[in-house]
Amino acid sequence: HNALHFVFLAIFWALGLSIAETLSISFFVEKIGAEKLPLIYLLDGCGMIATSSLFIYLLRHSSPNKILGAVLGSAILFYAVFLILAKTLLLPLWFWYLFLVVTTIFVAATIACFWTFLDQYHDLQEAKRLYSLYNASYFLGYTIAGLMINFLISKVGPINLFFPVVFCLLLAFFQSRLIHKKISSLEDDMMGSFFTDGKNTLGSIFQRFCSSPYSLILVAMSLSIQLLTITTSFGCMETFGKVFEAASSSNALAKFLGTTRACIATGNIIIGMFFYRRFLRKVGLSNLILLPPIFFLAVYSQWQFTNTLIVAILALVAVEGILYTFEDTNFNLLMNAAPSKLKGSLRIINDFFFEPIGILIASLFLIFFQKKHVLLGAIFALLFLLASLVIRSLYPKSIFTTLKQNTIHFERKISDWF
């Protein structure tokens, strides 16, 4: 019964923000052009660094449920104001830059706040059983959003689709308040130890992080993934923009993106719920971590010679399918091998410092080497593969050390155990 509350919360916010994200991208590509996307990525990186700093500050002085409520409330207000402006005014071109950047930041902030919100209500064993369900619920929201765009955009128009965006985000807001009132939260020792004042400062955490080769390579792999994700996303949108440039319908790109994302999200649900664990048991984590970089290399090896719609779709599958279903789960498992004193802070260091920096670096590469984006993507895919191979070699020793320090205590006497 409690799990259903979190399922509905995931569906509501994912449905609302997926519609907004898909339409904002299609608006920008149609009105401005895909060649200006690197500037958007640059603004995204700067905005996410500022948002991350604010998020960490708020976590020290507030609670995750209040932060999630503030993010959802801000999104509701933003899209409600957009509806009023779009219905009454002719919006200038600069507005679509702002609209896409703000939407991207809302999506990233809501994802971070949602999982932080979940952590305060689930212990480790509950998380193992239920987080895959919540992940599937998130993708179900994306699937429904894609279908709604495909079937409704021609009938009601793209602007009117922001009415369900505001409505779904309102439902998510009230659902989060209901959860806070009805379900008791847990004491999160890991998060608490990171944000307590005293010796455990950000400087000491970074110093501890830099002394762990495994943690450094793990974050370097995440950084290469961000570089690869931004470069591949740009390549996809550039190809889609060219293909649908001559389309008779002004909403052709939005309908195509909605349908494609719905199909990918459905595939993510099926693989995540029924196949990932089987793959993990059969080939092992050390081999499964090589699948995403190899898939990206295969896509870019074809992209070097032919820039077609099929290749761009495969690239989108790599970004929104392979990374979500395999790489994200692999990364969560690989984090278990990090030193115990870093586990709580490593995710925060990665998500709120290095991922925005990766977006910023990728945008700069694309601004200066936009025409060479396929070559850039191939280089980043090779870096991703190299980092994965290094992690593959470090993982056994690191997980053994972590287990020995925290679980297997051969040095203890029987009296110690008692």
# chains A, B, ... in the order shown; residues from 1 in each chain; ligands from 1
call {"tool": "closest_atom_pairs", "arguments": {"of": "stretch 303-376 of chain A", "to": "stretch 396-399 of chain A", "cutoff": "8 Å", "atoms": "only C-alpha atoms", "output": "JSON lines"}}
result
{"residue": "A:Asn336", "atom": "CA", "partner": "A:Ile399", "partner_atom": "CA", "distance": 7.3}
{"residue": "A:Ala337", "atom": "CA", "partner": "A:Ile399", "partner_atom": "CA", "distance": 4.2}
{"residue": "A:Ala338", "atom": "CA", "partner": "A:Ser398", "partner_atom": "CA", "distance": 6.7}
{"residue": "A:Pro339", "atom": "CA", "partner": "A:Ser398", "partner_atom": "CA", "distance": 7.8}
call {"tool": "write_last_selection", "arguments": {"atoms": "N, CA and C atoms", "output": "compact mmCIF listing (two decimals), in the first residue's frame"}}
result
# COMPACT_ATOMS: atom_id res chain seq x y z
N ASN A 336 28.84 0.01 -4.60
CA ASN A 336 28.97 -0.81 -3.39
C ASN A 336 30.41 -1.20 -3.11
N ALA A 337 31.27 -1.11 -4.13
CA ALA A 337 32.67 -1.46 -3.94
C ALA A 337 33.51 -0.27 -3.49
N ALA A 338 32.90 0.91 -3.43
CA ALA A 338 33.64 2.09 -2.98
C ALA A 338 33.90 1.99 -1.48
N PRO A 339 34.93 2.64 -0.97
CA PRO A 339 35.18 2.65 0.47
C PRO A 339 33.94 3.09 1.24
call {"tool": "residues_around", "arguments": {"residues": "A:Ile179", "least_positions_apart": "2", "cutoff": "12 Å", "atoms": "only C-alpha atoms", "output": "list in words"}}
result
His1, Asn2, Ala3, Leu4, His5, Phe6, Val7, Phe8, Leu9, Asn65, Lys66, Leu68, Gly69, Phe117, Leu118, Gln120, Tyr121, Ala172, Phe173, Phe174, Gln175, Ser176, Arg177, Lys181, Lys182, Ile183, Ser184 and Ser185 of chain A
call {"tool": "residues_around", "arguments": {"residues": "stretch 310-325 of chain A", "least_positions_apart": "3", "cutoff": "9 Å", "atoms": "only C-alpha atoms", "output": "number ranges by chain"}}
result
A: 225, 228-230, 232-233, 235-237, 239-240, 260-261, 264-265, 267-269, 271-272, 276, 291-292, 295-296, 299-300, 302-303, 306-307, 328-330
call {"tool": "write_last_selection", "arguments": {"atoms": "N, CA, C and O atoms", "output": "short mmCIF file (atom, residue, chain, number, x, y, z; two decimals), in the first residue's frame"}}
result
data_model
loop_
_atom_site.label_atom_id
_atom_site.label_comp_id
_atom_site.auth_asym_id
_atom_site.auth_seq_id
_atom_site.Cartn_x
_atom_site.Cartn_y
_atom_site.Cartn_z
N ILE A 225 30.71 9.44 -19.58
CA ILE A 225 29.33 9.16 -19.99
C ILE A 225 28.58 10.46 -20.27
O ILE A 225 27.82 10.55 -21.24
N LEU A 228 29.68 11.82 -23.55
CA LEU A 228 29.12 11.00 -24.62
C LEU A 228 27.62 11.26 -24.78
O LEU A 228 27.11 11.35 -25.90
N THR A 229 26.91 11.41 -23.67
CA THR A 229 25.46 11.64 -23.71
C THR A 229 25.12 12.94 -24.41
O THR A 229 24.25 12.98 -25.29
N ILE A 230 25.81 14.02 -24.04
CA ILE A 230 25.51 15.33 -24.64
C ILE A 230 25.86 15.32 -26.13
O ILE A 230 25.08 15.81 -26.97
N THR A 232 26.05 12.74 -28.20
CA THR A 232 25.13 11.87 -28.93
C THR A 232 23.76 12.51 -29.06
O THR A 232 23.12 12.43 -30.11
N SER A 233 23.28 13.15 -27.98
CA SER A 233 21.98 13.82 -28.03
C SER A 233 21.97 14.92 -29.09
O SER A 233 21.00 15.08 -29.83
N GLY A 235 23.87 15.01 -31.80
CA GLY A 235 23.87 14.36 -33.11
C GLY A 235 22.49 13.87 -33.50
O GLY A 235 22.06 14.01 -34.66
N CYS A 236 21.75 13.30 -32.53
CA CYS A 236 20.39 12.83 -32.79
C CYS A 236 19.49 13.98 -33.23
O CYS A 236 18.79 13.88 -34.25
N MET A 237 19.52 15.07 -32.46
CA MET A 237 18.62 16.19 -32.76
C MET A 237 18.99 16.88 -34.08
O MET A 237 18.11 17.35 -34.80
N THR A 239 20.23 15.36 -36.74
CA THR A 239 19.70 14.48 -37.79
C THR A 239 18.19 14.57 -37.88
O THR A 239 17.61 14.69 -38.97
N PHE A 240 17.51 14.53 -36.71
CA PHE A 240 16.05 14.63 -36.71
C PHE A 240 15.60 15.96 -37.29
O PHE A 240 14.60 16.02 -38.04
N THR A 260 8.82 7.71 -30.34
CA THR A 260 10.10 7.03 -30.15
C THR A 260 10.44 6.89 -28.68
O THR A 260 10.86 5.82 -28.22
N ARG A 261 10.25 7.97 -27.93
CA ARG A 261 10.54 7.93 -26.49
C ARG A 261 9.61 6.96 -25.77
O ARG A 261 10.01 6.29 -24.81
N ILE A 264 10.98 3.49 -26.44
CA ILE A 264 12.21 3.26 -25.67
C ILE A 264 11.89 3.06 -24.19
O ILE A 264 12.45 2.17 -23.54
N ALA A 265 10.99 3.88 -23.65
CA ALA A 265 10.62 3.76 -22.23
C ALA A 265 9.96 2.42 -21.95
O ALA A 265 10.21 1.80 -20.92
N GLY A 267 10.53 -0.35 -23.60
CA GLY A 267 11.64 -1.30 -23.60
C GLY A 267 12.45 -1.25 -22.31
O GLY A 267 12.87 -2.29 -21.78
N ASN A 268 12.63 -0.05 -21.77
CA ASN A 268 13.35 0.09 -20.49
C ASN A 268 12.62 -0.63 -19.36
O ASN A 268 13.25 -1.27 -18.51
N ILE A 269 11.28 -0.52 -19.35
CA ILE A 269 10.49 -1.20 -18.32
C ILE A 269 10.67 -2.71 -18.42
O ILE A 269 10.93 -3.40 -17.43
N ILE A 271 13.06 -4.54 -19.96
CA ILE A 271 14.43 -5.00 -19.66
C ILE A 271 14.73 -4.86 -18.18
O ILE A 271 15.29 -5.77 -17.55
N GLY A 272 14.36 -3.72 -17.59
CA GLY A 272 14.66 -3.50 -16.18
C GLY A 272 13.94 -4.46 -15.26
O GLY A 272 14.51 -4.93 -14.26
N TYR A 276 17.31 -7.65 -16.81
CA TYR A 276 18.60 -7.18 -16.31
C TYR A 276 19.22 -8.16 -15.33
O TYR A 276 20.41 -8.50 -15.42
N LEU A 291 29.02 -3.67 -21.80
CA LEU A 291 27.96 -3.62 -22.83
C LEU A 291 27.65 -2.20 -23.30
O LEU A 291 27.62 -1.95 -24.52
N PRO A 292 27.40 -1.21 -22.41
CA PRO A 292 27.07 0.14 -22.89
C PRO A 292 28.14 0.77 -23.78
O PRO A 292 27.81 1.27 -24.87
N PHE A 295 28.14 -0.87 -27.19
CA PHE A 295 26.97 -0.48 -27.99
C PHE A 295 27.18 0.90 -28.61
O PHE A 295 26.89 1.12 -29.79
N PHE A 296 27.69 1.84 -27.81
CA PHE A 296 27.96 3.18 -28.34
C PHE A 296 29.00 3.13 -29.46
O PHE A 296 28.86 3.81 -30.49
N VAL A 299 27.40 1.95 -32.64
CA VAL A 299 26.60 3.01 -33.27
C VAL A 299 27.49 4.01 -33.99
O VAL A 299 27.24 4.38 -35.15
N TYR A 300 28.56 4.45 -33.32
CA TYR A 300 29.44 5.46 -33.93
C TYR A 300 30.26 4.90 -35.08
O TYR A 300 30.62 5.64 -36.00
N GLN A 302 29.09 2.97 -37.27
CA GLN A 302 28.19 3.09 -38.41
C GLN A 302 27.94 4.55 -38.76
O GLN A 302 27.83 4.91 -39.94
N TRP A 303 27.87 5.41 -37.73
CA TRP A 303 27.59 6.83 -37.94
C TRP A 303 28.72 7.53 -38.71
O TRP A 303 28.49 8.55 -39.35
N THR A 306 27.53 6.73 -42.44
CA THR A 306 26.19 7.07 -42.94
C THR A 306 25.40 7.78 -41.84
O THR A 306 25.32 7.28 -40.71
N ASN A 307 24.83 8.94 -42.17
CA ASN A 307 24.03 9.72 -41.23
C ASN A 307 22.57 9.61 -41.62
O ASN A 307 22.03 10.47 -42.32
N ASP A 328 23.04 2.89 -15.57
CA ASP A 328 22.65 3.44 -14.27
C ASP A 328 22.62 2.37 -13.20
O ASP A 328 23.09 2.58 -12.07
N THR A 329 22.08 1.20 -13.53
CA THR A 329 22.02 0.10 -12.55
C THR A 329 23.41 -0.44 -12.28
O THR A 329 23.75 -0.75 -11.13
N ASN A 330 24.22 -0.56 -13.33
CA ASN A 330 25.62 -0.98 -13.13
C ASN A 330 26.34 -0.04 -12.18
O ASN A 330 27.07 -0.47 -11.28
#
call {"tool": "closest_residue", "arguments": {"among": "A:Thr22, A:Leu98, A:Ala50, A:Val166", "to": "A:Val81", "atoms": "only C-alpha atoms"}}
result
A:Val166
call {"tool": "closest_residue", "arguments": {"among": "A:Thr88, A:Asn150, A:Ser26, A:Gln226", "to": "A:Tyr41", "atoms": "only C-alpha atoms"}}
result
A:Gln226
call {"tool": "closest_residue", "arguments": {"among": "A:Ala10, A:Leu366, A:Leu285, A:Ala80", "to": "A:Leu37", "atoms": "only C-alpha atoms"}}
result
A:Leu366
